[in-house]
Structures are given as structure tokens and as C-alpha cells.
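Student: To be precise about what I am sending: the file is called query-v5.tsv and holds TSV, C-alpha atoms.
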```
chain	number	residue	atom	x	y	z
A	247	MET	CA	43.59	40.09	-22.90
A	248	THR	CA	44.36	36.51	-21.88
A	249	ALA	CA	47.99	35.78	-21.02
A	250	VAL	CA	49.65	32.92	-22.87
A	251	ASP	CA	51.20	30.23	-20.69
A	252	PRO	CA	54.98	30.11	-21.36
A	253	ASN	CA	54.96	26.38	-20.68
A	254	THR	CA	52.39	25.89	-23.45
A	255	LEU	CA	54.52	27.90	-25.87
A	256	ASP	CA	57.58	25.84	-24.99
A	257	ALA	CA	55.65	22.59	-25.47
A	258	ASN	CA	54.31	23.73	-28.83
A	259	HIS	CA	57.80	24.79	-29.90
A	260	ARG	CA	59.23	21.40	-28.92
A	261	GLU	CA	56.50	19.57	-30.81
A	262	ALA	CA	57.13	21.69	-33.90
A	263	ARG	CA	60.86	20.93	-33.74
A	264	ARG	CA	60.13	17.20	-33.32
A	265	ALA	CA	57.81	17.27	-36.33
A	266	VAL	CA	60.54	18.91	-38.44
A	267	TRP	CA	63.07	16.37	-37.14
A	268	PHE	CA	60.84	13.40	-37.99
A	269	THR	CA	60.12	14.83	-41.45
A	270	ARG	CA	63.85	15.01	-42.15
A	271	ILE	CA	64.37	11.47	-40.85
A	272	ASN	CA	61.59	10.13	-43.09
A	273	LYS	CA	63.11	11.87	-46.12
A	274	ALA	CA	66.55	10.45	-45.33
A	275	ASP	CA	65.18	6.95	-44.75
A	276	ALA	CA	64.99	6.15	-48.48
A	277	TRP	CA	68.65	7.03	-48.93
A	278	PHE	CA	69.71	5.10	-45.83
A	279	SER	CA	68.01	2.06	-47.39
A	280	VAL	CA	69.82	2.62	-50.68
A	281	LEU	CA	73.18	2.79	-48.91
A	282	GLY	CA	72.47	-0.29	-46.80
A	283	LEU	CA	72.19	1.79	-43.60
A	284	SER	CA	68.54	1.15	-42.78
A	285	PHE	CA	69.33	0.76	-39.08
A	286	VAL	CA	70.22	4.47	-38.87
A	287	THR	CA	66.56	5.49	-39.25
A	288	PRO	CA	65.20	3.75	-36.10
A	289	LEU	CA	68.34	4.87	-34.25
A	290	LEU	CA	67.60	8.51	-35.06
A	291	ARG	CA	63.93	8.04	-34.23
A	292	ALA	CA	64.82	6.54	-30.87
A	293	ILE	CA	67.11	9.51	-30.13
A	294	ALA	CA	64.24	11.82	-31.04
A	295	GLY	CA	62.01	10.02	-28.52
A	296	ASP	CA	59.73	8.14	-30.90
A	297	ASN	CA	58.75	4.97	-28.97
A	298	PRO	CA	62.31	3.90	-27.98
A	299	ARG	CA	61.24	0.31	-27.23
A	300	ALA	CA	59.78	-0.24	-30.72
A	301	GLN	CA	62.79	1.44	-32.32
A	302	ALA	CA	65.12	-0.78	-30.29
A	303	ARG	CA	63.40	-3.85	-31.72
A	304	GLU	CA	63.84	-2.43	-35.22
A	305	ILE	CA	67.53	-1.71	-34.59
A	306	TRP	CA	67.97	-5.28	-33.38
A	307	ARG	CA	66.32	-6.63	-36.54
A	308	LEU	CA	68.26	-4.42	-38.94
A	309	LEU	CA	71.65	-4.34	-37.20
A	310	GLY	CA	71.80	-6.79	-34.33
A	311	VAL	CA	70.62	-9.88	-36.23
A	312	PRO	CA	73.10	-9.39	-39.15
A	313	LEU	CA	75.97	-8.84	-36.70
A	314	VAL	CA	75.03	-11.99	-34.78
A	315	ALA	CA	74.83	-13.95	-38.04
A	316	ILE	CA	78.29	-12.71	-39.08
A	317	ALA	CA	79.68	-13.58	-35.66
A	318	ALA	CA	78.16	-17.08	-35.89
A	319	PHE	CA	79.67	-17.55	-39.36
A	320	LEU	CA	83.12	-16.47	-38.16
A	321	THR	CA	82.85	-18.77	-35.15
A	322	LEU	CA	81.91	-21.79	-37.29
A	323	TRP	CA	84.71	-20.92	-39.69
A	324	ALA	CA	87.26	-20.71	-36.87
A	325	VAL	CA	86.12	-24.02	-35.35
A	326	LEU	CA	85.76	-26.08	-38.55
A	327	ALA	CA	88.63	-24.72	-40.65
A	328	PRO	CA	91.51	-26.38	-38.72
A	329	GLN	CA	89.82	-29.76	-39.13
A	330	VAL	CA	90.16	-29.67	-42.95
A	331	GLN	CA	93.63	-30.59	-44.17
A	332	THR	CA	94.77	-29.72	-47.70
A	333	SER	CA	98.02	-30.12	-49.62
A	334	LEU	CA	98.98	-26.68	-48.28
A	335	GLY	CA	98.06	-27.51	-44.69
A	336	ALA	CA	94.95	-26.80	-42.66
A	337	VAL	CA	92.35	-24.40	-44.02
A	338	PRO	CA	93.13	-20.99	-42.47
A	339	GLY	CA	90.67	-19.50	-40.03
A	340	PRO	CA	89.59	-15.85	-39.72
A	341	ALA	CA	92.66	-14.93	-37.63
A	342	GLN	CA	95.12	-16.27	-40.21
A	343	VAL	CA	93.21	-14.59	-43.05
A	344	TRP	CA	93.26	-11.28	-41.19
A	345	THR	CA	97.01	-11.65	-40.63
A	346	GLU	CA	97.57	-12.23	-44.34
A	347	ALA	CA	95.36	-9.24	-45.17
A	348	ARG	CA	97.58	-7.07	-43.01
A	349	GLY	CA	100.61	-8.62	-44.69
A	350	LEU	CA	99.24	-7.76	-48.15
A	351	HIS	CA	98.69	-4.19	-46.97
A	352	ALA	CA	102.27	-3.99	-45.73
A	353	ASP	CA	103.52	-5.40	-49.05
A	354	ALA	CA	101.48	-2.79	-50.93
A	355	VAL	CA	102.99	-0.01	-48.82
A	356	ARG	CA	106.52	-1.30	-49.52
A	357	THR	CA	105.74	-1.58	-53.23
A	358	GLY	CA	104.55	2.01	-53.26
A	359	GLU	CA	107.71	3.15	-51.49
A	360	ASN	CA	109.90	1.21	-53.95
A	361	ARG	CA	108.03	2.73	-56.91
A	362	ALA	CA	108.41	6.24	-55.49
A	363	ARG	CA	112.13	5.64	-54.86
A	364	PHE	CA	112.54	4.35	-58.44
A	365	GLN	CA	110.81	7.44	-59.83
A	366	GLU	CA	113.07	9.70	-57.74
A	367	GLN	CA	116.13	7.91	-59.09
A	368	VAL	CA	114.86	8.27	-62.68
A	369	ALA	CA	114.21	11.98	-62.10
A	370	ALA	CA	117.73	12.46	-60.71
A	371	LEU	CA	119.20	10.52	-63.65
A	372	ASN	CA	117.30	12.66	-66.14
A	373	GLU	CA	118.52	15.84	-64.47
A	374	ARG	CA	122.11	14.68	-64.96
A	375	ARG	CA	121.43	13.66	-68.56
A	376	ILE	CA	119.83	17.01	-69.37
A	377	ALA	CA	122.80	18.82	-67.76
A	378	LYS	CA	125.08	16.89	-70.13
A	379	GLY	CA	122.90	17.74	-73.12
A	380	GLN	CA	121.49	14.22	-73.41
A	381	ALA	CA	117.85	13.25	-73.95
A	382	PRO	CA	115.93	12.15	-70.83
A	383	THR	CA	115.08	8.49	-70.45
A	384	GLU	CA	111.84	6.92	-69.24
A	385	PRO	CA	112.54	3.37	-68.03
A	386	ALA	CA	109.48	1.39	-66.94
A	387	TYR	CA	109.15	0.16	-63.38
A	388	THR	CA	109.38	-3.64	-63.52
A	389	GLY	CA	108.39	-4.50	-59.97
A	390	ALA	CA	105.41	-6.77	-59.31
A	391	PRO	CA	102.07	-4.95	-58.85
A	392	SER	CA	100.71	-4.72	-55.34
A	393	PHE	CA	97.41	-6.21	-54.18
A	394	TYR	CA	95.79	-2.77	-54.32
A	395	GLN	CA	97.06	-2.23	-57.88
A	396	GLN	CA	95.50	-5.55	-58.86
A	397	ILE	CA	92.21	-4.36	-57.36
A	398	ARG	CA	92.37	-1.07	-59.27
A	399	THR	CA	93.14	-2.92	-62.50
A	400	SER	CA	90.15	-5.23	-62.11
A	401	ILE	CA	87.75	-2.40	-61.21
A	402	GLY	CA	88.92	-0.27	-64.15
A	403	THR	CA	88.57	-3.22	-66.52
A	404	VAL	CA	85.08	-4.19	-65.40
A	405	PHE	CA	83.81	-0.62	-65.66
A	406	PHE	CA	85.26	-0.22	-69.16
A	407	GLY	CA	83.66	-3.45	-70.36
A	408	PHE	CA	80.40	-2.60	-68.59
A	409	LEU	CA	80.19	0.87	-70.16
A	410	VAL	CA	80.82	-0.56	-73.64
A	411	ALA	CA	78.14	-3.20	-73.01
A	412	THR	CA	75.71	-0.50	-71.86
A	413	ALA	CA	76.41	1.63	-74.94
A	414	VAL	CA	75.55	-1.37	-77.13
A	415	ALA	CA	72.71	-2.95	-75.15
A	416	VAL	CA	70.54	0.08	-74.32
A	417	PRO	CA	70.04	1.32	-77.92
A	418	LEU	CA	69.45	-2.23	-79.16
A	419	GLY	CA	67.01	-2.84	-76.30
A	420	ILE	CA	65.09	0.34	-77.12
A	421	LEU	CA	64.97	-0.69	-80.77
A	422	ALA	CA	63.74	-4.19	-79.89
A	423	GLY	CA	61.13	-2.80	-77.51
A	424	LEU	CA	59.74	-0.30	-80.01
A	425	SER	CA	59.84	-2.48	-83.12
A	426	PRO	CA	58.37	-6.01	-83.25
A	427	THR	CA	60.42	-6.59	-86.40
A	428	ALA	CA	63.67	-5.65	-84.66
A	429	ASN	CA	62.70	-7.80	-81.68
A	430	ALA	CA	62.09	-10.79	-83.97
A	431	ALA	CA	65.52	-10.23	-85.55
A	432	LEU	CA	67.42	-9.83	-82.26
A	433	ASN	CA	65.68	-12.52	-80.22
A	434	PRO	CA	67.39	-15.55	-81.84
A	435	ILE	CA	70.82	-13.92	-81.46
A	436	ILE	CA	70.13	-13.18	-77.80
A	437	GLN	CA	68.92	-16.70	-77.07
A	438	ILE	CA	71.94	-18.29	-78.78
A	439	PHE	CA	74.73	-16.14	-77.32
A	440	LYS	CA	73.32	-15.35	-73.87
A	441	PRO	CA	74.22	-18.77	-72.34
A	442	VAL	CA	77.77	-18.84	-73.76
A	443	SER	CA	80.40	-19.13	-71.03
A	444	PRO	CA	83.16	-16.52	-70.75
A	445	LEU	CA	85.64	-19.40	-70.96
A	446	ALA	CA	84.39	-20.03	-74.51
A	447	TRP	CA	84.57	-16.37	-75.52
A	448	LEU	CA	88.05	-15.82	-74.09
A	449	PRO	CA	90.18	-17.72	-76.66
A	450	ILE	CA	88.19	-16.19	-79.55
A	451	VAL	CA	88.62	-12.67	-78.16
A	452	THR	CA	92.31	-13.29	-77.48
A	453	MET	CA	93.01	-14.40	-81.04
A	454	ILE	CA	91.01	-11.55	-82.61
A	455	VAL	CA	92.63	-8.88	-80.43
A	456	SER	CA	96.09	-10.30	-81.16
A	457	ALA	CA	95.37	-10.23	-84.90
A	458	VAL	CA	93.74	-6.79	-85.05
A	459	TYR	CA	95.51	-4.85	-82.30
A	460	VAL	CA	99.08	-5.33	-83.55
A	461	THR	CA	100.66	-2.22	-82.04
A	462	ASN	CA	102.51	-2.29	-78.72
A	463	ASP	CA	102.22	1.47	-78.20
A	464	GLY	CA	98.44	1.77	-78.26
A	465	LEU	CA	96.25	3.48	-75.71
A	466	PHE	CA	95.29	0.13	-74.11
A	467	ALA	CA	97.28	-2.98	-73.33
A	468	LYS	CA	96.23	-6.14	-75.16
A	469	SER	CA	95.57	-7.94	-71.89
A	470	PHE	CA	93.24	-5.11	-70.82
A	471	LEU	CA	91.29	-5.26	-74.09
A	472	VAL	CA	90.96	-9.04	-73.94
A	473	SER	CA	89.49	-8.93	-70.43
A	474	ALA	CA	87.27	-5.91	-71.12
A	475	ILE	CA	85.83	-7.28	-74.37
A	476	THR	CA	85.11	-10.62	-72.69
A	477	VAL	CA	83.24	-8.72	-69.96
A	478	THR	CA	81.31	-6.81	-72.62
A	479	LEU	CA	80.25	-9.94	-74.51
A	480	CYS	CA	79.00	-11.66	-71.37
A	481	SER	CA	77.39	-8.73	-69.55
A	482	LEU	CA	75.38	-6.95	-72.23
A	483	TRP	CA	72.53	-9.49	-72.34
A	484	PRO	CA	70.74	-8.66	-69.05
A	485	THR	CA	70.68	-4.96	-69.95
A	486	LEU	CA	69.50	-5.66	-73.49
A	487	ILE	CA	66.70	-7.98	-72.35
A	488	ASN	CA	65.49	-5.74	-69.52
A	489	THR	CA	65.62	-2.62	-71.68
A	490	ALA	CA	63.54	-4.29	-74.39
A	491	LEU	CA	61.08	-5.53	-71.77
A	492	GLY	CA	60.83	-2.10	-70.13
A	493	VAL	CA	60.24	-0.32	-73.43
A	494	ALA	CA	57.69	-2.90	-74.61
A	495	SER	CA	55.81	-2.55	-71.29
A	496	ILE	CA	55.14	1.18	-71.66
A	497	ASP	CA	51.47	2.10	-71.37
A	498	LYS	CA	49.92	2.11	-74.83
A	499	ASP	CA	48.00	5.28	-73.97
A	500	LEU	CA	51.32	7.11	-73.66
A	501	ILE	CA	52.34	5.84	-77.08
A	502	ASN	CA	49.04	7.09	-78.52
A	503	VAL	CA	49.60	10.48	-76.88
A	504	SER	CA	53.01	10.72	-78.56
A	505	LYS	CA	51.35	10.05	-81.91
A	506	VAL	CA	48.70	12.70	-81.27
A	507	LEU	CA	51.40	15.23	-80.35
A	508	LYS	CA	53.38	14.15	-83.43
A	509	MET	CA	56.58	13.66	-81.49
A	510	ASN	CA	59.65	12.87	-83.54
A	511	THR	CA	61.59	9.71	-82.74
A	512	TRP	CA	64.27	11.40	-80.62
A	513	THR	CA	61.73	13.33	-78.52
A	514	LYS	CA	59.64	10.21	-78.09
A	515	ILE	CA	62.63	8.22	-76.82
A	516	THR	CA	64.05	10.90	-74.50
A	517	LYS	CA	60.78	12.29	-73.12
A	518	LEU	CA	58.61	9.17	-73.03
A	519	VAL	CA	60.39	5.87	-73.57
A	520	LEU	CA	63.47	6.25	-71.36
A	521	PRO	CA	61.72	7.77	-68.29
A	522	SER	CA	59.07	5.04	-68.38
A	523	ALA	CA	61.50	2.15	-68.91
A	524	LEU	CA	64.25	3.42	-66.58
A	525	PRO	CA	63.46	1.14	-63.58
A	526	LEU	CA	63.77	-2.03	-65.68
A	527	ILE	CA	66.81	-0.64	-67.50
A	528	PHE	CA	68.58	-0.12	-64.18
A	529	THR	CA	67.61	-3.62	-63.10
A	530	GLY	CA	69.37	-4.88	-66.21
A	531	LEU	CA	72.38	-2.65	-65.53
A	532	ARG	CA	72.74	-4.01	-61.98
A	533	LEU	CA	72.56	-7.58	-63.26
A	534	SER	CA	75.05	-6.82	-66.04
A	535	LEU	CA	77.57	-5.27	-63.68
A	536	GLY	CA	77.35	-8.28	-61.35
A	537	VAL	CA	77.77	-10.68	-64.27
A	538	GLY	CA	80.67	-8.63	-65.61
A	539	TRP	CA	82.48	-8.72	-62.27
A	540	MET	CA	82.19	-12.53	-62.06
A	541	VAL	CA	83.23	-12.97	-65.69
A	542	LEU	CA	86.25	-10.72	-65.27
A	543	ILE	CA	87.75	-12.76	-62.42
A	544	ALA	CA	87.41	-15.96	-64.46
A	545	ALA	CA	88.90	-14.29	-67.56
A	546	GLU	CA	91.87	-12.93	-65.61
A	547	MET	CA	92.56	-16.35	-64.13
A	548	LEU	CA	92.39	-18.21	-67.42
A	549	ALA	CA	94.24	-15.66	-69.57
A	550	GLN	CA	96.69	-14.62	-66.85
A	551	ASN	CA	95.76	-10.99	-67.40
A	552	PRO	CA	96.56	-8.47	-64.63
A	553	GLY	CA	93.94	-8.22	-61.88
A	554	LEU	CA	92.50	-10.07	-58.94
A	555	GLY	CA	91.93	-13.22	-60.98
A	556	LYS	CA	95.63	-13.44	-61.82
A	557	PHE	CA	96.47	-12.81	-58.17
A	558	VAL	CA	94.34	-15.79	-57.13
A	559	TRP	CA	95.89	-18.03	-59.79
A	560	ASP	CA	99.45	-16.96	-58.93
A	561	GLU	CA	98.88	-17.75	-55.27
A	562	PHE	CA	97.41	-21.13	-56.18
A	563	GLN	CA	100.47	-21.90	-58.30
A	564	ASN	CA	102.80	-20.56	-55.63
A	565	GLY	CA	101.76	-23.25	-53.17
A	566	SER	CA	103.31	-21.64	-50.09
A	567	SER	CA	101.96	-22.02	-46.58
A	568	SER	CA	100.32	-18.59	-46.79
A	569	SER	CA	98.83	-19.02	-50.29
A	570	LEU	CA	95.47	-20.39	-49.16
A	571	ALA	CA	94.96	-17.55	-46.69
A	572	ARG	CA	95.89	-15.01	-49.37
A	573	ILE	CA	93.41	-16.60	-51.77
A	574	MET	CA	90.72	-16.28	-49.10
A	575	VAL	CA	91.63	-12.60	-48.67
A	576	ALA	CA	91.15	-12.17	-52.42
A	577	VAL	CA	87.83	-14.06	-52.35
A	578	LEU	CA	86.49	-11.83	-49.56
A	579	THR	CA	87.77	-8.76	-51.41
A	580	ILE	CA	86.01	-9.87	-54.60
A	581	GLY	CA	82.77	-10.38	-52.67
A	582	ILE	CA	82.96	-7.02	-50.90
A	583	ILE	CA	83.73	-5.17	-54.13
A	584	GLY	CA	80.83	-6.94	-55.86
A	585	PHE	CA	78.52	-5.82	-53.05
A	586	LEU	CA	79.78	-2.22	-53.28
A	587	LEU	CA	79.34	-2.18	-57.05
A	588	ASP	CA	75.73	-3.30	-56.64
A	589	ARG	CA	75.15	-0.62	-53.97
A	590	LEU	CA	76.64	1.97	-56.32
A	591	MET	CA	74.27	1.00	-59.13
A	592	PHE	CA	71.35	0.95	-56.69
A	593	ALA	CA	72.25	4.47	-55.51
A	594	ILE	CA	72.43	5.72	-59.11
A	595	GLN	CA	69.08	4.06	-59.81
A	596	ALA	CA	67.57	5.77	-56.77
A	597	ALA	CA	68.89	9.13	-57.97
A	598	PHE	CA	67.32	8.81	-61.44
A	599	THR	CA	64.11	6.89	-60.77
A	600	PHE	CA	61.16	7.45	-58.44
A	601	THR	CA	58.93	5.24	-56.33
A	602	ASN	CA	55.86	5.77	-54.19
A	603	GLN	CA	58.10	6.19	-51.12
A	604	ARG	CA	60.56	8.62	-52.68
```
Give the structure from this file in C-alpha cells form.

Tutor:
Amino acid sequence: MTAVDPNTLDANHREARRAVWFTRINKADAWFSVLGLSFVTPLLRAIAGDNPRAQAREIWRLLGVPLVAIAAFLTLWAVLAPQVQTSLGAVPGPAQVWTEARGLHADAVRTGENRARFQEQVAALNERRIAKGQAPTEPAYTGAPSFYQQIRTSIGTVFFGFLVATAVAVPLGILAGLSPTANAALNPIIQIFKPVSPLAWLPIVTMIVSAVYVTNDGLFAKSFLVSAITVTLCSLWPTLINTALGVASIDKDLINVSKVLKMNTWTKITKLVLPSALPLIFTGLRLSLGVGWMVLIAAEMLAQNPGLGKFVWDEFQNGSSSSLARIMVAVLTIGIIGFLLDRLMFAIQAAFTFTNQR
């Protein structure tokens, strides 16, 4: 009986572990790409010993080059900003904007503490009123909303308007994609209303909501509905168009198979139409969410509705020495949130659709 070399067994065991490790890395690579963390894959491969020099070049391309570009942008900003004088003084550089960002955070913390103190005082007051046999009172906190509260308001509003737009656009898009008659009926409406600016929709929506939504004790505030409906009217078109295109592009052989199997309409849509058209539907959803986010900021600025748009307008009207830096903080915040919303939709798309790589 031939003895087995222990060194050979150890080498085979190491190779097997490396193969398992690389398999896991390759599976995770698709999700790293979805999350914008593509540089993690070559980093893990380099740690596992897979051609470290080639992986280092890939890390430089995916991580080093973007970081250098950001550093160059910040440097140009810091050098050129002080040379531009406005009515509020020189354009603030990255350091001043960072200082104002920290100041807004401190203001938000103080606002939260004041709100908590107010609620404690109301609770103590109600305890005394109940002890005296009186009904408790619920006074509203009248302090100004913090920067973080403005962010939460804008995000909640854009998601509400986006979900309403999706609920309207996807069924209409499926109908237009399946029926040439429905497509002929919807196409003129789409072409007429798709280019309309949110600034044109806003006064119409404001007047209609004010006339129809007359209660002050409803589930939603009027300002919220005005902003959300404006987002809906401007963001439903990309989803509607892409859904109709995706449904109309389904392989005709699949349609013929559904006829042979005598599928009813609901089964045909859920088992055949939606899975086939899902990639284009999600493309429309990503575009709609991006459009909705841009529209919302403009609507909040013009209508003075709560949110980041109102924050920007208030700072512009304030005209203090720190206003321009605060506006820049808001602009960067709007951009970062827009990027994160797109990443979120891309991650959802990756979870529900499939490609050749995943």
C-alpha cells in the first residue's frame, strides 16, 4: 500500500479551500456592484492570493481613481471659491461647508432636546390635570423643524408620490403594451403631458387640493398632498413608457404559448408578462424616482412646503453670512440622497431580475 504524502494532502486541502473562497467571492461580486462596492471584489481576491499585482491595478481603477478625482474636485473648489464674490460674500469652500454641516447637526440635536423637553412638560402638565379631574391637553410643538426633519419630510413625500405614480403607471403600461388600441389612446396623452414642467402643475394641484381637501384634521397635511401629487404627475411617465415598451417587446412565441395553454388574463400577466418585462419596468422606476426627487425640491421651493426645498429657499431669503454654505450643504445632501435612492432601486431590481452574470 502506497503511503500518501502529508504535504500533498495539505496542498490539495488548501487548493480546495481557495476554490471555495473564490466561488464565494464571485457570487458576492454581483451584489458588490449593485451596492457600488465593486472595489471589494479585487481586494478580497488579492487577500486570497489571486495575482495581487493585477488585483492592485483593479483596486486602483475602481477605488483609487474615484478618490483622486474627488480630491482634485475639492482642491479646485477650495482654490477657486474664495475668488468669487457674491452679495453674501465669497463663495464658501469645502472647509466652510463642512463647518456649517456640523452646525446643522448641532442645531438638529438641540431641536431634538427641546422637543423632548416640551413633551416631558406636556406629560407633567397632563398628570396634574388628570389628578384634578380635568381632561388632558395635547398642545402642538411650534418650534422650527431641524435639518434632519426636513430631510425625512422630503424622503417621505417623494416615496408617497412615487408609489402612487407606480400604482397608476404600471397597470396602464401593461394595458398599452398588450393592446394596440389602448396604446393608440394613451400615446397622445403621454406625449402632451410628459414634457409639462412641475412649475406648471404646481398651481393647478394647489388650487384643486385646496378646493377638494377642505378638512384641517385629515390624515395628510395639504402641503404634503400638494408636493406628493406634483411628484406623481411628473414622475409617472418614465415608468408608463418603459412598462409599455417592455410588455410590447415580449417574444411573440411566448404569447402564442399562452394562447395554446389558454391562460386567463391574470395568469398571463403574472406568469408571463411581468417576469419578461421586469427589467424595463425597473429601468422606468429608477428614472421615475430620480425625476420625482428633482421635481419635489422644486415644488417645495416654489410652494414653500416643508422639506429640503423650503430649507434652501429660506436660507436664500435669510441672506446671512452662513446662508450660502448652508445652501451648499443642502445641495450636497440632495445629491447624496438622490444617489442612494438610485442605488436602492438598483438593489431591488437586482433582487427581482436576473442577468447572465447573476

Student: Distance atom CA of Ser481 of chain A-atom CA of Val541 of chain A, one decimal place?

Tutor: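 Atom-to-atom, atom CA of Ser481 of chain A to atom CA of Val541 of chain A, that is 8.2 Å.
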
Student: Work out how far apart atom CA of Ala324 of chain A and atom CA of Gln342 of chain A are and give it in Å to one decimal.

Tutor: 9.6 Å

Student: Would you kindly return, as a ChimeraX atom specification, each protein, DNA or RNA residue with an atom no farther than 10 Å from any atom of segment 572-582 of chain A, considering only C-alpha atoms and excluding same-chain residues fewer than 2 positions away?

Tutor: /A:337-340,342-350,393,397,400,539-540,543,554-555,557-562,566-570,584-588

Student: Give one line per residue of segment 493-558 of chain A that approaches segment 409-426 of chain A to at most 12 Å, naming the two atoms of the closest pair and their distance in Å to one decimal, counting all atoms listed in the file; sort by chain then ascending residue number and deliver it as CSV.

Tutor:
```
residue,atom,partner,partner_atom,distance
A:Val493,CA,A:Gly423,CA,4.9
A:Ala494,CA,A:Gly423,CA,4.5
A:Ser495,CA,A:Gly423,CA,8.2
A:Ile496,CA,A:Gly423,CA,9.3
A:Lys498,CA,A:Leu424,CA,11.4
A:Ile501,CA,A:Leu424,CA,10.1
A:Thr511,CA,A:Leu424,CA,10.5
A:Trp512,CA,A:Ile420,CA,11.6
A:Lys514,CA,A:Leu424,CA,10.7
A:Ile515,CA,A:Ile420,CA,8.3
A:Thr516,CA,A:Ile420,CA,10.9
A:Leu518,CA,A:Ile420,CA,11.7
A:Val519,CA,A:Ile420,CA,8.1
A:Leu520,CA,A:Ile420,CA,8.4
A:Ser522,CA,A:Ile420,CA,11.6
A:Ala523,CA,A:Ile420,CA,9.1
A:Leu524,CA,A:Val416,CA,10.5
A:Leu526,CA,A:Gly419,CA,11.1
A:Ile527,CA,A:Val416,CA,7.8
A:Phe528,CA,A:Val416,CA,10.3
A:Gly530,CA,A:Thr412,CA,9.6
A:Leu531,CA,A:Thr412,CA,7.5
A:Arg532,CA,A:Thr412,CA,10.9
A:Leu533,CA,A:Thr412,CA,11.6
A:Ser534,CA,A:Ala411,CA,8.4
A:Leu535,CA,A:Leu409,CA,9.3
A:Val537,CA,A:Ala411,CA,11.5
A:Gly538,CA,A:Ala411,CA,9.5
```

Student: Would you mind listing what lies within 12 Å of Asp296 of chain A as a list in words, with only C-alpha atoms counted and same-chain residues fewer than 2 positions away left out?

Tutor: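 Final neighbour list, sorted by chain and number: Glu261, Arg264, Ala265, Trp267, Phe268, Ile271, Thr287, Pro288, Leu289, Leu290, Arg291, Ala292, Ile293, Ala294, Pro298, Arg299, Ala300, Gln301 and Ala302 of chain A.
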
Student: Report, in Å with one decimal, the straight-line distance from atom CA of Leu486 of chain A to atom CA of Phe408 of chain A.

Tutor: 12.3 Å

Student: Dig up all the protein and nucleic acid residues within 6 Å of (91.3, -18.0, -71.1) in the file frame, using only C-alpha atoms, and format them as a list in words.

Tutor: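 Answer for this query, in the requested form: Leu445, Leu448, Pro449, Ala545, Leu548 and Ala549 of chain A.
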
Student: Include C-alpha atoms and write out the residues we just selected as a PDB file, in the frame of the given file.

Tutor:
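Result file again-v3.pdb:
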```
ATOM      1  CA  LEU A 445      85.640 -19.400 -70.960  1.00  0.00           C
ATOM      2  CA  LEU A 448      88.050 -15.820 -74.090  1.00  0.00           C
ATOM      3  CA  PRO A 449      90.180 -17.720 -76.660  1.00  0.00           C
ATOM      4  CA  ALA A 545      88.900 -14.290 -67.560  1.00  0.00           C
ATOM      5  CA  LEU A 548      92.390 -18.210 -67.420  1.00  0.00           C
ATOM      6  CA  ALA A 549      94.240 -15.660 -69.570  1.00  0.00           C
TER       7      ALA A 549
END
```

Student: Using only C-alpha atoms, determine which residues lie at most 8 Å from Ala474 of chain A, disregarding the query and same-chain residues fewer than 2 positions distant; provide the list as an MDAnalysis selection string.

Tutor: chainID A and resid 403:404 406:407 470:472 476:478 542

Student: Using only C-alpha atoms, what residues lie at most 12 Å away from (109.4, -4.4, -62.8) (file coordinates), given as a VMD selection string?

Tutor: chain A and resid 357 360 to 361 364 385 to 392

Student: Report as JSON the centre and the edge lengths, in Å to one decimal, of the axis-aligned box holding every listed atom of segment 369-377 of chain A, padded by 6 Å on each side.

Tutor:
```
{"center_x": 118.5, "center_y": 14.7, "center_z": -65.0, "size_x": 20.6, "size_y": 20.3, "size_z": 20.7}
```

Student: Closest to Gln367 of chain A among A:Gln595, A:Asp353, A:Thr461, A:Thr383, using all atoms listed in the file?

Tutor: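 Among the listed residues, A:Thr383 lies closest to Gln367 of chain A.
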
Student: Any idea what's packed within 10 Å of Val442 of chain A, counting all atoms listed in the file, ignoring anything in its chain fewer than 5 positions away? Could you give it as a PyMOL selection string?

Tutor: chain A and resi 437+447+479-480

Student: Kindly save the residues from that selection, with C-alpha atoms included, as a PDB file, keeping the file's coordinate frame.

Tutor:
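Okay, selection.pdb is ready:
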```pdb
ATOM      1  CA  GLN A 437      68.920 -16.700 -77.070  1.00  0.00           C
ATOM      2  CA  TRP A 447      84.570 -16.370 -75.520  1.00  0.00           C
ATOM      3  CA  LEU A 479      80.250  -9.940 -74.510  1.00  0.00           C
ATOM      4  CA  CYS A 480      79.000 -11.660 -71.370  1.00  0.00           C
TER       5      CYS A 480
END
```
